[in-house]
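Enquirer: File name my_file17.cif; file contents mmCIF, C-alpha atoms and all ligand atoms; full text below.
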```cif
data_final
loop_
_atom_site.label_atom_id
_atom_site.label_comp_id
_atom_site.auth_asym_id
_atom_site.auth_seq_id
_atom_site.Cartn_x
_atom_site.Cartn_y
_atom_site.Cartn_z
CA MET A 1 25.20 55.94 74.33
CA SER A 2 27.31 58.96 73.63
CA ASN A 3 29.78 60.55 75.99
CA ALA A 4 29.08 64.01 74.65
CA PRO A 5 29.22 66.81 77.18
CA LEU A 6 25.79 67.96 78.28
CA PRO A 7 24.39 71.24 77.07
CA LYS A 8 24.52 73.92 79.77
CA LYS A 9 21.29 75.70 78.97
CA ILE A 10 18.23 73.97 77.67
CA ASP A 11 14.67 74.89 76.80
CA PRO A 12 12.66 72.20 78.60
CA ARG A 13 9.42 73.13 76.83
CA LYS A 14 10.92 72.73 73.39
CA LEU A 15 12.69 69.53 74.35
CA ALA A 16 9.45 68.09 75.74
CA GLU A 17 7.61 69.09 72.60
CA ARG A 18 10.10 67.13 70.51
CA GLY A 19 10.44 64.25 72.97
CA VAL A 20 14.19 64.68 73.17
CA ARG A 21 16.40 62.40 75.21
CA ILE A 22 19.64 63.87 76.55
CA GLU A 23 22.40 61.46 77.43
CA GLY A 24 25.91 62.41 78.33
CA GLU A 25 28.62 63.01 80.84
CA ILE A 26 28.89 65.85 83.26
CA GLN A 27 32.21 66.75 84.84
CA LEU A 28 32.26 67.07 88.62
CA GLY A 29 33.92 70.44 88.06
CA ALA A 30 30.64 71.70 86.59
CA LEU A 31 28.86 70.88 89.86
CA PRO A 32 30.57 73.17 92.40
CA ASN A 33 28.08 72.65 95.23
CA LEU A 34 28.20 68.88 94.94
CA VAL A 35 31.98 68.88 94.81
CA THR A 36 32.26 70.59 98.23
CA MET A 37 30.83 67.39 99.72
CA LEU A 38 33.23 65.05 97.95
CA ALA A 39 36.73 63.87 98.77
CA ASP A 40 37.80 63.84 95.12
CA LYS A 41 36.88 66.60 92.70
CA GLU A 42 38.00 64.74 89.57
CA GLY A 43 35.72 62.59 87.50
CA SER A 44 32.37 62.68 85.82
CA LEU A 45 28.85 61.38 86.19
CA THR A 46 26.43 60.13 83.58
CA VAL A 47 23.12 61.79 82.90
CA ASP A 48 20.19 60.30 81.01
CA LEU A 49 17.07 62.44 80.77
CA GLN A 50 13.91 62.02 78.73
CA PHE A 51 11.84 65.13 78.00
CA GLU A 52 8.25 64.64 77.00
CA ASN A 53 4.70 65.88 77.26
CA ASP A 54 2.48 63.48 79.17
CA GLU A 55 -1.18 62.68 78.35
CA GLN A 56 -2.27 65.84 80.13
CA ARG A 57 0.22 67.91 78.11
CA ILE A 58 2.34 68.42 81.18
CA ARG A 59 6.00 68.87 80.33
CA THR A 60 8.00 66.26 82.14
CA ILE A 61 11.65 65.38 82.66
CA LYS A 62 12.35 61.80 83.70
CA GLY A 63 15.54 59.85 84.03
CA THR A 64 18.62 59.34 86.12
CA ALA A 65 22.01 60.80 86.87
CA GLY A 66 24.75 59.13 88.78
CA GLY A 67 28.01 57.29 88.98
CA LYS A 68 30.84 56.82 91.41
CA VAL A 69 32.04 59.57 93.69
CA SER A 70 34.56 59.64 96.48
CA MET A 71 33.52 60.85 99.93
CA THR A 72 35.21 60.80 103.32
CA CYS A 73 34.36 57.79 105.45
CA GLN A 74 32.92 59.03 108.73
CA ARG A 75 34.38 56.08 110.64
CA CYS A 76 37.99 55.98 109.48
CA LEU A 77 38.24 59.31 107.59
CA GLU A 78 39.74 57.60 104.54
CA PRO A 79 38.14 58.12 101.11
CA VAL A 80 35.28 55.79 100.33
CA GLU A 81 33.86 55.23 96.88
CA ILE A 82 30.09 55.65 96.80
CA GLU A 83 27.75 54.81 93.97
CA ILE A 84 25.08 57.49 93.74
CA GLU A 85 21.98 57.70 91.62
CA ALA A 86 19.51 60.56 91.39
CA LYS A 87 16.11 59.89 89.89
CA PHE A 88 14.19 62.58 88.06
CA ASN A 89 10.43 62.65 87.87
CA LEU A 90 9.85 66.32 87.24
CA ALA A 91 7.05 68.38 85.84
CA VAL A 92 7.97 71.81 84.55
CA ALA A 93 5.89 74.72 85.77
CA PRO A 94 6.36 78.41 84.95
CA THR A 95 5.34 79.65 88.41
CA GLU A 96 4.91 78.50 91.98
CA GLU A 97 1.16 78.90 91.56
CA HIS A 98 1.13 76.66 88.51
CA ALA A 99 3.30 74.10 90.28
CA LYS A 100 0.60 73.63 92.94
CA SER A 101 -1.88 72.45 90.32
CA LEU A 102 0.41 69.68 89.06
CA PRO A 103 -0.37 66.04 89.88
CA ARG A 104 1.27 64.94 93.12
CA TYR A 105 3.20 62.12 91.47
CA TYR A 106 5.55 64.65 89.90
CA ASP A 107 8.14 66.76 91.60
CA PRO A 108 7.52 70.31 90.44
CA LEU A 109 10.36 72.15 88.76
CA ILE A 110 9.77 75.86 88.40
CA VAL A 111 11.33 77.27 85.26
CA GLU A 112 10.69 80.96 84.74
CA GLY A 113 11.27 81.93 81.16
CA ASP A 114 12.45 79.49 78.53
CA GLU A 115 15.85 78.49 79.79
CA LEU A 116 16.91 75.99 82.39
CA GLU A 117 20.45 75.59 83.63
CA LEU A 118 20.86 71.87 83.24
CA PRO A 119 23.91 71.37 85.50
CA GLY A 120 22.24 73.18 88.40
CA MET A 121 19.08 71.12 88.08
CA VAL A 122 21.04 67.86 87.92
CA GLU A 123 23.28 68.94 90.77
CA GLU A 124 20.38 69.61 93.11
CA GLU A 125 19.03 66.08 92.71
CA LEU A 126 22.50 64.55 92.99
CA ILE A 127 23.11 66.32 96.30
CA LEU A 128 19.85 64.87 97.61
CA SER A 129 21.01 61.39 96.60
CA LEU A 130 24.24 61.55 98.64
CA PRO A 131 24.39 59.45 101.78
CA ILE A 132 24.14 61.62 104.90
CA VAL A 133 26.83 59.58 106.66
CA PRO A 134 29.13 57.87 104.15
CA TYR A 135 31.24 54.98 105.42
CA HIS A 136 32.97 51.80 104.29
CA ASP A 137 31.13 48.53 104.73
CA ASP A 138 34.35 47.33 106.27
CA CYS A 139 36.87 50.01 107.21
CA SER A 140 39.55 47.47 108.14
CA VAL A 141 40.04 46.60 104.47
CA GLN A 142 40.76 50.23 103.65
CA THR A 143 43.24 51.12 106.38
CA SER A 144 46.90 50.20 106.23
CA PHE A 145 46.99 49.54 109.96
CA GLY A 146 44.87 46.44 109.79
CA ASP A 147 42.69 47.79 112.55
CA GLU A 148 39.24 46.38 112.70
CA ALA A 149 36.30 48.68 112.53
CA PRO A 150 34.85 49.30 115.94
CA THR A 151 31.63 47.42 116.46
CA ASP A 152 29.26 47.18 119.36
CA SER A 153 29.92 43.49 119.78
CA GLU A 154 33.66 43.94 120.10
CA PRO A 155 34.93 42.63 123.44
CA VAL A 156 36.22 45.27 125.84
CA SER A 157 39.96 45.65 125.39
CA GLU A 158 42.37 44.68 128.14
CA LYS A 159 43.63 48.22 128.55
CA PRO A 160 43.43 49.37 132.14
CA ASN A 161 40.30 51.25 132.97
CA PRO A 162 41.27 54.96 132.86
CA PHE A 163 39.34 55.62 136.04
CA SER A 164 41.19 53.00 138.01
CA VAL A 165 44.48 54.47 136.73
CA LEU A 166 43.36 57.89 137.92
CA ALA A 167 42.34 56.46 141.23
CA SER A 168 45.74 54.88 141.78
CA LEU A 169 47.46 58.14 140.74
CA LYS A 170 45.43 59.97 143.34
CA ALA A 171 46.24 57.33 145.89
CA ASP A 172 49.95 57.77 145.10
CA LYS A 173 49.71 61.52 145.64
CA GLN A 174 48.15 61.08 149.00
CA LYS A 175 50.99 58.92 150.22
ZN ZN B 201 36.12 53.69 106.61
#
```
Show the structure stored in the file as structure tokens.
Ligand SMILES: [Zn+2]
Expert:
Amino acid sequence: MSNAPLPKKIDPRKLAERGVRIEGEIQLGALPNLVTMLADKEGSLTVDLQFENDEQRIRTIKGTAGGKVSMTCQRCLEPVEIEIEAKFNLAVAPTEEHAKSLPRYYDPLIVEGDELELPGMVEEELILSLPIVPYHDDCSVQTSFGDEAPTDSEPVSEKPNPFSVLASLKADKQK
């Protein structure tokens, strides 16, 4: 395992031809669209991709990318650390038309010309791997107030019912 930075532009056909494996780190700063969804823009993710031609001479990219990112908990609005993992099972096609003829068990990746922007490709899959609604398993551990996370089973608090308060206010006015 190396922690070398990933190349920005790659030639997926050549890499598949040679059966190259690319392992490395990608800085969150290189993934601007992903970063807009995160609470913390610092850090990096690991990428591990195998390029190869399959039995049908289809150029494929398989592997994973992931790591820990910080998002905003949708229950308590504090940062929550989320482990994400994107899985790649791609077949490279030069055109939309060509992509349609690929076996269904691959996700088509259209690469016009020879070059592919690796960060953009990785970023797209990472965004898809983010939870739609991130939250802590237990928000009470994260907050400094010691409040418990609201749950459906929580007994109704002893606060006066706001409607009965309103009603008594109205009654007072009428006096
Ligand atoms: Zn929370």
Enquirer: Neighbouring residues of A:Glu97 were defined as those with any atom within 12 Å, considering only C-alpha atoms; residues of the same chain fewer than 3 positions away were excluded. Please report them as a PyMOL selection string.
Expert: chain A and resi 93-94+100-102+108-110+112
Enquirer: Please compute the atom CA of A:Met71-atom CA of A:Met37 distance, one decimal, in Å.
Expert: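 Taking atom CA of A:Met71 and atom CA of A:Met37, their separation equals 7.1 Å.
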Enquirer: Could you give me the residues within 7 Å of ligand ZN 201 (chain B), counting all atoms listed in the file, as a ChimeraX atom specification?
Expert: /A:73-78,80,135-136,138-139,142
Enquirer: Which of these residues is nearest to A:Ala16, using all atoms listed in the file: A:Gly66, A:Pro32, A:Ala39, A:Val92?
Expert: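 Comparing A:Gly66, A:Pro32, A:Ala39, A:Val92 against A:Ala16, the winner is A:Val92.
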Enquirer: Counting all atoms listed in the file, figure out which residue out of A:Glu85, A:Asp107, A:Glu42, A:Asp48 gets nearest to A:Ile127.
Expert: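 For A:Ile127, the nearest of the given residues is A:Glu85.
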Enquirer: For A:Gly63, which residue out of A:Leu128, A:Val20, A:Ile82, A:Leu116 is the nearest one, using only C-alpha atoms?
Expert: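 Ranking A:Leu128, A:Val20, A:Ile82, A:Leu116 by distance to A:Gly63, first place goes to A:Val20.
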Enquirer: Could you tell me how far atom CA of A:Ser129 lies from atom CA of A:Lys68, in Å and to one decimal?
Expert: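 Going from atom CA of A:Ser129 over to atom CA of A:Lys68 covers 12.0 Å.
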Enquirer: How many Å separate atom CA of A:Asn89 from atom CA of A:Val111?
Expert: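 Value for the atom CA of A:Asn89-atom CA of A:Val111 distance: 14.9 Å.
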